Amino acid sequence: MTVTQKERMLGMVGVLIAAILWGTTGTAATFAPAVSAVAIGAVAMGFGGLLQAMIAAGSITRYIDKLLQQWRLLLIGVSAVAIYPLAFYASMHLAGVTVGTVISIGSAPLLSAFIEYGLEGQKLTVRWMLGAILGVAGMILLSMAESTGHDTLVQSSNVMFGVILGLLAGFTYALYSWAARRMMQQGLPSKTAMGAIFGLGGMLLMPVLFVTGAPLLASWSNAAVGIYMALVPMFIGYICYGYGLARITASMATTITLIEPVVAAILAVIIVGERLPVMGWVGIGLVVACLIFITVPLKHIPIVRIRVNNSLCGVKTIQRNSNRT
């Protein structure tokens, strides 16, 4: 499938909108302090996934034969969706919010690139690598700034397990992104692939929600937070993310979503009243620079090329033309 420059840019915008919506989850969760992080993740990914399956039901029915033909990719995506929120929130619980977030979200672009290289032979561009370095460095600075005075009680014996679970979260995030994109590349519409993967994944998360989700029904505010999480960041967010995945690579998409913790930090300052040190603002600047670096098309730059023949006379001709770098 050939993607035009305009479609590619629209895909990036779709992923960016998704990341912005995901960045609101932390602030929203502060309005339901009695609800555990695992329950928040289960209700968001669980019900959000079921909603995606509901709106895509007709399309899923029409493409059921093709879905069954791609059952391996479907199984990979569904398993990854079910594992991701559990690994992510367990990582934050064991290693602390800072370490868990950095490992889980920060490792996803690199792991996505490894998956694409290992399974598709897709080469990494210098531009993407430099942009990813900027983004991950910015996210580390932001997380370090946010961790001032926090996470000091985390036991060192738990950190190792938290890091491992964080890597598992980053891997499953990268994996379901790759699986969904591959299904789209093989002829499935975006909403069909995303609806099937997240619908089945959401069903697998229902038992977790039943065990941990009682506090969601304890008050109207808790219930409102659960509804918001499922409807806005996960349902609408993943519709936008699926739209983007149909037009850009998984490694590009996961790199763009490094903006998520930036949005979370800014909202925490504006709404929750938290203070962000200078290091955090530097980190935000690096992540924004990363997004500009990897998404803004480079203009044609005139390049002078000198062609030399094999004789002792030296220069034969001088050509001037333009190439896109």
# chains A, B, ... in the order shown; residues from 1 in each chain; ligands from 1
$ residues_around --residues "Ala57 (chain A)" --least-positions-apart "4" --cutoff "12 Å" --atoms "only C-alpha atoms" --output "PDB file with N, CA and C atoms, in the first residue's frame"
ATOM      1  N   LEU A  50     -13.986  -3.022  24.179  1.00  0.00           N
ATOM      2  CA  LEU A  50     -15.312  -3.537  23.837  1.00  0.00           C
ATOM      3  C   LEU A  50     -16.104  -2.520  23.021  1.00  0.00           C
ATOM      4  N   LEU A  51     -15.949  -1.237  23.345  1.00  0.00           N
ATOM      5  CA  LEU A  51     -16.620  -0.195  22.561  1.00  0.00           C
ATOM      6  C   LEU A  51     -16.105  -0.171  21.128  1.00  0.00           C
ATOM      7  N   GLN A  52     -14.801  -0.346  20.961  1.00  0.00           N
ATOM      8  CA  GLN A  52     -14.247  -0.395  19.603  1.00  0.00           C
ATOM      9  C   GLN A  52     -14.821  -1.565  18.828  1.00  0.00           C
ATOM     10  N   ALA A  53     -14.949  -2.713  19.495  1.00  0.00           N
ATOM     11  CA  ALA A  53     -15.512  -3.890  18.829  1.00  0.00           C
ATOM     12  C   ALA A  53     -16.970  -3.653  18.449  1.00  0.00           C
ATOM     13  N   THR A  61     -17.748  -8.491  10.939  1.00  0.00           N
ATOM     14  CA  THR A  61     -18.544  -9.566  10.335  1.00  0.00           C
ATOM     15  C   THR A  61     -18.226  -9.716   8.854  1.00  0.00           C
ATOM     16  N   ARG A  62     -18.113  -8.590   8.144  1.00  0.00           N
ATOM     17  CA  ARG A  62     -17.820  -8.643   6.711  1.00  0.00           C
ATOM     18  C   ARG A  62     -16.444  -9.233   6.436  1.00  0.00           C
ATOM     19  N   TYR A  63     -15.497  -8.959   7.301  1.00  0.00           N
ATOM     20  CA  TYR A  63     -14.121  -9.392   7.066  1.00  0.00           C
ATOM     21  C   TYR A  63     -13.727 -10.579   7.941  1.00  0.00           C
ATOM     22  N   ILE A  64     -14.718 -11.334   8.417  1.00  0.00           N
ATOM     23  CA  ILE A  64     -14.421 -12.422   9.346  1.00  0.00           C
ATOM     24  C   ILE A  64     -13.499 -13.470   8.721  1.00  0.00           C
ATOM     25  N   LYS A 191     -10.523   0.118  11.418  1.00  0.00           N
ATOM     26  CA  LYS A 191     -11.462  -0.140  12.516  1.00  0.00           C
ATOM     27  C   LYS A 191     -11.727  -1.627  12.697  1.00  0.00           C
ATOM     28  N   THR A 192     -11.576  -2.422  11.627  1.00  0.00           N
ATOM     29  CA  THR A 192     -11.755  -3.867  11.748  1.00  0.00           C
ATOM     30  C   THR A 192     -10.629  -4.484  12.557  1.00  0.00           C
ATOM     31  N   ALA A 193      -9.395  -4.145  12.187  1.00  0.00           N
ATOM     32  CA  ALA A 193      -8.239  -4.694  12.895  1.00  0.00           C
ATOM     33  C   ALA A 193      -8.221  -4.248  14.355  1.00  0.00           C
ATOM     34  N   MET A 194      -8.418  -2.952  14.590  1.00  0.00           N
ATOM     35  CA  MET A 194      -8.382  -2.431  15.956  1.00  0.00           C
ATOM     36  C   MET A 194      -9.568  -2.947  16.768  1.00  0.00           C
ATOM     37  N   GLY A 195     -10.742  -3.025  16.148  1.00  0.00           N
ATOM     38  CA  GLY A 195     -11.919  -3.519  16.858  1.00  0.00           C
ATOM     39  C   GLY A 195     -11.772  -4.964  17.281  1.00  0.00           C
ATOM     40  N   ALA A 196     -11.226  -5.802  16.393  1.00  0.00           N
ATOM     41  CA  ALA A 196     -11.046  -7.215  16.719  1.00  0.00           C
ATOM     42  C   ALA A 196      -9.991  -7.402  17.804  1.00  0.00           C
ATOM     43  N   GLY A 199     -11.221  -5.549  21.080  1.00  0.00           N
ATOM     44  CA  GLY A 199     -12.435  -6.163  21.605  1.00  0.00           C
ATOM     45  C   GLY A 199     -12.137  -7.463  22.328  1.00  0.00           C
TER      46      GLY A 199
END
$ residues_around --residues "Ala268 (chain A)" --least-positions-apart "3" --cutoff "12 Å" --atoms "only C-alpha atoms" --output "NGL selection string"
:A and (23-30 or 146 or 261-265 or 271-276)
$ write_last_selection --atoms "N, CA and C atoms" --output "PDB file, in the first residue's frame"
ATOM      1  N   GLY A  23      -2.476  11.229  27.516  1.00  0.00           N
ATOM      2  CA  GLY A  23      -1.793  12.026  28.527  1.00  0.00           C
ATOM      3  C   GLY A  23      -2.716  12.602  29.584  1.00  0.00           C
ATOM      4  N   THR A  24      -4.033  12.549  29.341  1.00  0.00           N
ATOM      5  CA  THR A  24      -4.989  13.068  30.325  1.00  0.00           C
ATOM      6  C   THR A  24      -5.341  12.047  31.399  1.00  0.00           C
ATOM      7  N   THR A  25      -4.920  10.794  31.234  1.00  0.00           N
ATOM      8  CA  THR A  25      -5.365   9.743  32.154  1.00  0.00           C
ATOM      9  C   THR A  25      -4.850   9.954  33.579  1.00  0.00           C
ATOM     10  N   GLY A  26      -3.606  10.400  33.710  1.00  0.00           N
ATOM     11  CA  GLY A  26      -3.044  10.594  35.042  1.00  0.00           C
ATOM     12  C   GLY A  26      -3.795  11.643  35.831  1.00  0.00           C
ATOM     13  N   THR A  27      -4.097  12.766  35.184  1.00  0.00           N
ATOM     14  CA  THR A  27      -4.854  13.826  35.856  1.00  0.00           C
ATOM     15  C   THR A  27      -6.264  13.358  36.184  1.00  0.00           C
ATOM     16  N   ALA A  28      -6.892  12.645  35.251  1.00  0.00           N
ATOM     17  CA  ALA A  28      -8.245  12.135  35.506  1.00  0.00           C
ATOM     18  C   ALA A  28      -8.258  11.177  36.689  1.00  0.00           C
ATOM     19  N   ALA A  29      -7.217  10.352  36.803  1.00  0.00           N
ATOM     20  CA  ALA A  29      -7.161   9.367  37.883  1.00  0.00           C
ATOM     21  C   ALA A  29      -7.074  10.019  39.258  1.00  0.00           C
ATOM     22  N   THR A  30      -6.576  11.256  39.333  1.00  0.00           N
ATOM     23  CA  THR A  30      -6.476  11.935  40.630  1.00  0.00           C
ATOM     24  C   THR A  30      -7.853  12.236  41.221  1.00  0.00           C
ATOM     25  N   GLU A 146      10.057  14.970  37.750  1.00  0.00           N
ATOM     26  CA  GLU A 146       8.818  14.662  38.452  1.00  0.00           C
ATOM     27  C   GLU A 146       9.055  13.790  39.676  1.00  0.00           C
ATOM     28  N   PRO A 261       3.698  11.571  28.211  1.00  0.00           N
ATOM     29  CA  PRO A 261       4.081  12.070  29.544  1.00  0.00           C
ATOM     30  C   PRO A 261       4.269  13.580  29.591  1.00  0.00           C
ATOM     31  N   VAL A 262       4.570  14.193  28.451  1.00  0.00           N
ATOM     32  CA  VAL A 262       4.677  15.656  28.406  1.00  0.00           C
ATOM     33  C   VAL A 262       3.312  16.283  28.685  1.00  0.00           C
ATOM     34  N   VAL A 263       2.287  15.767  28.013  1.00  0.00           N
ATOM     35  CA  VAL A 263       0.925  16.257  28.244  1.00  0.00           C
ATOM     36  C   VAL A 263       0.527  16.036  29.698  1.00  0.00           C
ATOM     37  N   ALA A 264       0.855  14.855  30.221  1.00  0.00           N
ATOM     38  CA  ALA A 264       0.512  14.544  31.611  1.00  0.00           C
ATOM     39  C   ALA A 264       1.173  15.528  32.576  1.00  0.00           C
ATOM     40  N   ALA A 265       2.436  15.859  32.317  1.00  0.00           N
ATOM     41  CA  ALA A 265       3.160  16.780  33.203  1.00  0.00           C
ATOM     42  C   ALA A 265       2.571  18.183  33.149  1.00  0.00           C
ATOM     43  N   ILE A 271      -3.662  21.846  36.266  1.00  0.00           N
ATOM     44  CA  ILE A 271      -4.897  21.438  36.946  1.00  0.00           C
ATOM     45  C   ILE A 271      -4.653  20.981  38.383  1.00  0.00           C
ATOM     46  N   VAL A 272      -3.652  20.126  38.559  1.00  0.00           N
ATOM     47  CA  VAL A 272      -3.405  19.554  39.886  1.00  0.00           C
ATOM     48  C   VAL A 272      -2.614  20.509  40.768  1.00  0.00           C
ATOM     49  N   GLY A 273      -1.869  21.434  40.140  1.00  0.00           N
ATOM     50  CA  GLY A 273      -1.099  22.398  40.914  1.00  0.00           C
ATOM     51  C   GLY A 273       0.298  21.946  41.273  1.00  0.00           C
ATOM     52  N   GLU A 274       0.810  20.924  40.578  1.00  0.00           N
ATOM     53  CA  GLU A 274       2.168  20.467  40.840  1.00  0.00           C
ATOM     54  C   GLU A 274       3.178  21.466  40.275  1.00  0.00           C
ATOM     55  N   ARG A 275       4.382  21.448  40.847  1.00  0.00           N
ATOM     56  CA  ARG A 275       5.468  22.301  40.349  1.00  0.00           C
ATOM     57  C   ARG A 275       6.444  21.436  39.557  1.00  0.00           C
ATOM     58  N   LEU A 276       6.871  21.947  38.413  1.00  0.00           N
ATOM     59  CA  LEU A 276       7.806  21.213  37.565  1.00  0.00           C
ATOM     60  C   LEU A 276       9.143  21.943  37.537  1.00  0.00           C
TER      61      LEU A 276
END
$ closest_residue --among "A:Gly135, A:Pro189, A:Pro109, A:Pro215" --to "Ile60 (chain A)" --atoms "only C-alpha atoms"
A:Pro189
$ closest_residue --among "A:Met183, A:Val269, A:Leu286, A:Ile17" --to "Trp71 (chain A)" --atoms "only C-alpha atoms"
A:Met183
$ residues_around --residues "Met234 (chain A)" --least-positions-apart "4" --cutoff "8 Å" --atoms "only C-alpha atoms" --output "ChimeraX atom specification"
/A:22,44-45,48-49,229-230,238
$ atom_distance --atom1 "CA of Pro233 (chain A)" --atom2 "CA of Leu21 (chain A)"
4.8 Å
$ residues_around --residues "region 114-118 of chain A" --least-positions-apart "5" --cutoff "12 Å" --atoms "only C-alpha atoms" --output "list of chain:residue names"
A:Ser107, A:Ala108, A:Pro109, A:Lys123, A:Leu124, A:Thr125, A:Met129, A:Gly170, A:Phe171, A:Thr172, A:Tyr173, A:Ala174, A:Leu175, A:Tyr176, A:Ser177, A:Trp178, A:Ala179, A:Arg181, A:Arg182, A:Thr249, A:Ala250, A:Ser251, A:Met252
$ write_last_selection --atoms "N, CA and C atoms" --output "mmCIF file, in the first residue's frame"
data_model
loop_
_atom_site.group_PDB
_atom_site.id
_atom_site.type_symbol
_atom_site.label_atom_id
_atom_site.label_comp_id
_atom_site.auth_asym_id
_atom_site.auth_seq_id
_atom_site.Cartn_x
_atom_site.Cartn_y
_atom_site.Cartn_z
ATOM 1 N N SER A 107 10.846 2.570 26.233
ATOM 2 C CA SER A 107 11.434 1.443 25.505
ATOM 3 C C SER A 107 10.640 1.077 24.260
ATOM 4 N N ALA A 108 9.380 1.513 24.174
ATOM 5 C CA ALA A 108 8.508 1.095 23.076
ATOM 6 C C ALA A 108 9.021 1.467 21.683
ATOM 7 N N PRO A 109 9.505 2.706 21.447
ATOM 8 C CA PRO A 109 10.006 3.012 20.097
ATOM 9 C C PRO A 109 11.158 2.117 19.669
ATOM 10 N N LYS A 123 14.795 -1.277 7.618
ATOM 11 C CA LYS A 123 15.982 -0.610 8.140
ATOM 12 C C LYS A 123 15.607 0.665 8.892
ATOM 13 N N LEU A 124 16.428 0.982 9.872
ATOM 14 C CA LEU A 124 16.226 2.200 10.648
ATOM 15 C C LEU A 124 16.914 3.368 9.944
ATOM 16 N N THR A 125 16.248 4.510 9.912
ATOM 17 C CA THR A 125 16.850 5.696 9.317
ATOM 18 C C THR A 125 17.612 6.480 10.382
ATOM 19 N N MET A 129 16.493 7.525 14.288
ATOM 20 C CA MET A 129 17.333 7.203 15.444
ATOM 21 C C MET A 129 17.684 8.456 16.240
ATOM 22 N N GLY A 170 6.506 -2.290 27.552
ATOM 23 C CA GLY A 170 6.967 -1.640 26.329
ATOM 24 C C GLY A 170 6.932 -2.579 25.136
ATOM 25 N N PHE A 171 7.302 -3.843 25.371
ATOM 26 C CA PHE A 171 7.311 -4.833 24.293
ATOM 27 C C PHE A 171 5.894 -5.131 23.815
ATOM 28 N N THR A 172 4.947 -5.319 24.756
ATOM 29 C CA THR A 172 3.576 -5.626 24.346
ATOM 30 C C THR A 172 2.918 -4.432 23.653
ATOM 31 N N TYR A 173 3.243 -3.221 24.097
ATOM 32 C CA TYR A 173 2.749 -2.016 23.418
ATOM 33 C C TYR A 173 3.256 -1.982 21.982
ATOM 34 N N ALA A 174 4.551 -2.220 21.812
ATOM 35 C CA ALA A 174 5.136 -2.252 20.472
ATOM 36 C C ALA A 174 4.553 -3.395 19.649
ATOM 37 N N LEU A 175 4.297 -4.533 20.312
ATOM 38 C CA LEU A 175 3.841 -5.728 19.604
ATOM 39 C C LEU A 175 2.422 -5.572 19.084
ATOM 40 N N TYR A 176 1.505 -5.053 19.910
ATOM 41 C CA TYR A 176 0.141 -4.917 19.386
ATOM 42 C C TYR A 176 0.060 -3.808 18.344
ATOM 43 N N SER A 177 0.936 -2.811 18.436
ATOM 44 C CA SER A 177 0.987 -1.781 17.395
ATOM 45 C C SER A 177 1.440 -2.392 16.075
ATOM 46 N N TRP A 178 2.468 -3.241 16.140
ATOM 47 C CA TRP A 178 2.978 -3.888 14.933
ATOM 48 C C TRP A 178 1.945 -4.842 14.350
ATOM 49 N N ALA A 179 1.308 -5.649 15.202
ATOM 50 C CA ALA A 179 0.335 -6.630 14.722
ATOM 51 C C ALA A 179 -0.845 -5.936 14.044
ATOM 52 N N ARG A 181 -0.892 -2.972 12.611
ATOM 53 C CA ARG A 181 -0.455 -2.387 11.343
ATOM 54 C C ARG A 181 -0.301 -3.465 10.272
ATOM 55 N N ARG A 182 0.251 -4.617 10.621
ATOM 56 C CA ARG A 182 0.424 -5.699 9.653
ATOM 57 C C ARG A 182 -0.931 -6.171 9.125
ATOM 58 N N THR A 249 4.633 3.791 10.200
ATOM 59 C CA THR A 249 5.155 2.577 10.818
ATOM 60 C C THR A 249 4.896 2.572 12.319
ATOM 61 N N ALA A 250 4.949 1.376 12.901
ATOM 62 C CA ALA A 250 4.741 1.250 14.344
ATOM 63 C C ALA A 250 5.842 1.963 15.122
ATOM 64 N N SER A 251 7.078 1.909 14.615
ATOM 65 C CA SER A 251 8.182 2.575 15.319
ATOM 66 C C SER A 251 8.005 4.089 15.310
ATOM 67 N N MET A 252 7.524 4.636 14.196
ATOM 68 C CA MET A 252 7.243 6.066 14.134
ATOM 69 C C MET A 252 6.109 6.430 15.090
#
$ atom_distance --atom1 "CA of Ala19 (chain A)" --atom2 "CA of Ile259 (chain A)"
6.3 Å
$ residues_around --residues "Val282 (chain A)" --least-positions-apart "5" --cutoff "10 Å" --atoms "only C-alpha atoms" --output "list in words"
Ala137, Gly138, Met139, Leu141, Leu142, Ala145, Pro277, Val287 and Val288 of chain A
$ closest_residue --among "A:Leu291, A:Leu130, A:Leu245, A:Val3" --to "Ser190 (chain A)" --atoms "only C-alpha atoms"
A:Leu245
$ select_by_dssp --residues "region 246-306 of chain A" --states "strand (DSSP E or B)" --output "PyMOL selection string"
chain A and resi 301-306
$ decode --residues "region 157-196 of chain A" --atoms "N, CA and C atoms" --output "mmCIF file, in the first residue's frame"
data_model
loop_
_atom_site.group_PDB
_atom_site.id
_atom_site.type_symbol
_atom_site.label_atom_id
_atom_site.label_comp_id
_atom_site.auth_asym_id
_atom_site.auth_seq_id
_atom_site.Cartn_x
_atom_site.Cartn_y
_atom_site.Cartn_z
ATOM 1 N N SER A 157 14.854 -4.317 46.144
ATOM 2 C CA SER A 157 14.611 -5.700 45.725
ATOM 3 C C SER A 157 13.463 -5.800 44.727
ATOM 4 N N ASN A 158 12.580 -4.797 44.731
ATOM 5 C CA ASN A 158 11.447 -4.810 43.807
ATOM 6 C C ASN A 158 11.754 -4.136 42.478
ATOM 7 N N VAL A 159 12.801 -3.306 42.458
ATOM 8 C CA VAL A 159 13.091 -2.521 41.267
ATOM 9 C C VAL A 159 13.394 -3.414 40.068
ATOM 10 N N MET A 160 14.187 -4.467 40.285
ATOM 11 C CA MET A 160 14.545 -5.359 39.184
ATOM 12 C C MET A 160 13.306 -5.963 38.534
ATOM 13 N N PHE A 161 12.376 -6.449 39.348
ATOM 14 C CA PHE A 161 11.149 -7.025 38.801
ATOM 15 C C PHE A 161 10.303 -5.947 38.121
ATOM 16 N N GLY A 162 10.316 -4.747 38.687
ATOM 17 C CA GLY A 162 9.587 -3.648 38.073
ATOM 18 C C GLY A 162 10.142 -3.274 36.714
ATOM 19 N N VAL A 163 11.465 -3.274 36.588
ATOM 20 C CA VAL A 163 12.110 -2.974 35.309
ATOM 21 C C VAL A 163 11.761 -4.038 34.276
ATOM 22 N N ILE A 164 11.797 -5.304 34.689
ATOM 23 C CA ILE A 164 11.456 -6.398 33.772
ATOM 24 C C ILE A 164 10.014 -6.260 33.288
ATOM 25 N N LEU A 165 9.111 -5.956 34.212
ATOM 26 C CA LEU A 165 7.712 -5.770 33.830
ATOM 27 C C LEU A 165 7.535 -4.529 32.956
ATOM 28 N N GLY A 166 8.342 -3.491 33.205
ATOM 29 C CA GLY A 166 8.297 -2.309 32.354
ATOM 30 C C GLY A 166 8.715 -2.624 30.929
ATOM 31 N N LEU A 167 9.760 -3.430 30.792
ATOM 32 C CA LEU A 167 10.189 -3.864 29.459
ATOM 33 C C LEU A 167 9.114 -4.719 28.796
ATOM 34 N N LEU A 168 8.438 -5.557 29.593
ATOM 35 C CA LEU A 168 7.340 -6.362 29.053
ATOM 36 C C LEU A 168 6.207 -5.459 28.572
ATOM 37 N N ALA A 169 5.908 -4.409 29.339
ATOM 38 C CA ALA A 169 4.867 -3.465 28.926
ATOM 39 C C ALA A 169 5.256 -2.760 27.629
ATOM 40 N N GLY A 170 6.506 -2.290 27.552
ATOM 41 C CA GLY A 170 6.967 -1.640 26.329
ATOM 42 C C GLY A 170 6.932 -2.579 25.136
ATOM 43 N N PHE A 171 7.302 -3.843 25.371
ATOM 44 C CA PHE A 171 7.311 -4.833 24.293
ATOM 45 C C PHE A 171 5.894 -5.131 23.815
ATOM 46 N N THR A 172 4.947 -5.319 24.756
ATOM 47 C CA THR A 172 3.576 -5.626 24.346
ATOM 48 C C THR A 172 2.918 -4.432 23.653
ATOM 49 N N TYR A 173 3.243 -3.221 24.097
ATOM 50 C CA TYR A 173 2.749 -2.016 23.418
ATOM 51 C C TYR A 173 3.256 -1.982 21.982
ATOM 52 N N ALA A 174 4.551 -2.220 21.812
ATOM 53 C CA ALA A 174 5.136 -2.252 20.472
ATOM 54 C C ALA A 174 4.553 -3.395 19.649
ATOM 55 N N LEU A 175 4.297 -4.533 20.312
ATOM 56 C CA LEU A 175 3.841 -5.728 19.604
ATOM 57 C C LEU A 175 2.422 -5.572 19.084
ATOM 58 N N TYR A 176 1.505 -5.053 19.910
ATOM 59 C CA TYR A 176 0.141 -4.917 19.386
ATOM 60 C C TYR A 176 0.060 -3.808 18.344
ATOM 61 N N SER A 177 0.936 -2.811 18.436
ATOM 62 C CA SER A 177 0.987 -1.781 17.395
ATOM 63 C C SER A 177 1.440 -2.392 16.075
ATOM 64 N N TRP A 178 2.468 -3.241 16.140
ATOM 65 C CA TRP A 178 2.978 -3.888 14.933
ATOM 66 C C TRP A 178 1.945 -4.842 14.350
ATOM 67 N N ALA A 179 1.308 -5.649 15.202
ATOM 68 C CA ALA A 179 0.335 -6.630 14.722
ATOM 69 C C ALA A 179 -0.845 -5.936 14.044
ATOM 70 N N ALA A 180 -1.337 -4.857 14.643
ATOM 71 C CA ALA A 180 -2.459 -4.130 14.050
ATOM 72 C C ALA A 180 -2.077 -3.543 12.697
ATOM 73 N N ARG A 181 -0.892 -2.972 12.611
ATOM 74 C CA ARG A 181 -0.455 -2.387 11.343
ATOM 75 C C ARG A 181 -0.301 -3.465 10.272
ATOM 76 N N ARG A 182 0.251 -4.617 10.621
ATOM 77 C CA ARG A 182 0.424 -5.699 9.653
ATOM 78 C C ARG A 182 -0.931 -6.171 9.125
ATOM 79 N N MET A 183 -1.912 -6.263 10.005
ATOM 80 C CA MET A 183 -3.245 -6.679 9.566
ATOM 81 C C MET A 183 -3.840 -5.662 8.605
ATOM 82 N N MET A 184 -3.594 -4.384 8.861
ATOM 83 C CA MET A 184 -4.069 -3.343 7.947
ATOM 84 C C MET A 184 -3.351 -3.437 6.607
ATOM 85 N N GLN A 185 -2.052 -3.707 6.643
ATOM 86 C CA GLN A 185 -1.280 -3.823 5.408
ATOM 87 C C GLN A 185 -1.743 -5.007 4.562
ATOM 88 N N GLN A 186 -2.337 -5.999 5.210
ATOM 89 C CA GLN A 186 -2.802 -7.183 4.498
ATOM 90 C C GLN A 186 -4.277 -7.099 4.120
ATOM 91 N N GLY A 187 -4.818 -5.883 4.115
ATOM 92 C CA GLY A 187 -6.133 -5.674 3.531
ATOM 93 C C GLY A 187 -7.282 -5.409 4.474
ATOM 94 N N LEU A 188 -7.040 -5.362 5.780
ATOM 95 C CA LEU A 188 -8.127 -5.099 6.720
ATOM 96 C C LEU A 188 -8.256 -3.599 6.985
ATOM 97 N N PRO A 189 -9.481 -3.070 7.030
ATOM 98 C CA PRO A 189 -9.655 -1.667 7.421
ATOM 99 C C PRO A 189 -9.159 -1.443 8.846
ATOM 100 N N SER A 190 -8.808 -0.208 9.132
ATOM 101 C CA SER A 190 -8.276 0.125 10.449
ATOM 102 C C SER A 190 -9.240 -0.253 11.570
ATOM 103 N N LYS A 191 -10.523 0.118 11.418
ATOM 104 C CA LYS A 191 -11.462 -0.140 12.516
ATOM 105 C C LYS A 191 -11.727 -1.627 12.697
ATOM 106 N N THR A 192 -11.576 -2.422 11.627
ATOM 107 C CA THR A 192 -11.755 -3.867 11.748
ATOM 108 C C THR A 192 -10.629 -4.484 12.557
ATOM 109 N N ALA A 193 -9.395 -4.145 12.187
ATOM 110 C CA ALA A 193 -8.239 -4.694 12.895
ATOM 111 C C ALA A 193 -8.221 -4.248 14.355
ATOM 112 N N MET A 194 -8.418 -2.952 14.590
ATOM 113 C CA MET A 194 -8.382 -2.431 15.956
ATOM 114 C C MET A 194 -9.568 -2.947 16.768
ATOM 115 N N GLY A 195 -10.742 -3.025 16.148
ATOM 116 C CA GLY A 195 -11.919 -3.519 16.858
ATOM 117 C C GLY A 195 -11.772 -4.964 17.281
ATOM 118 N N ALA A 196 -11.226 -5.802 16.393
ATOM 119 C CA ALA A 196 -11.046 -7.215 16.719
ATOM 120 C C ALA A 196 -9.991 -7.402 17.804
#
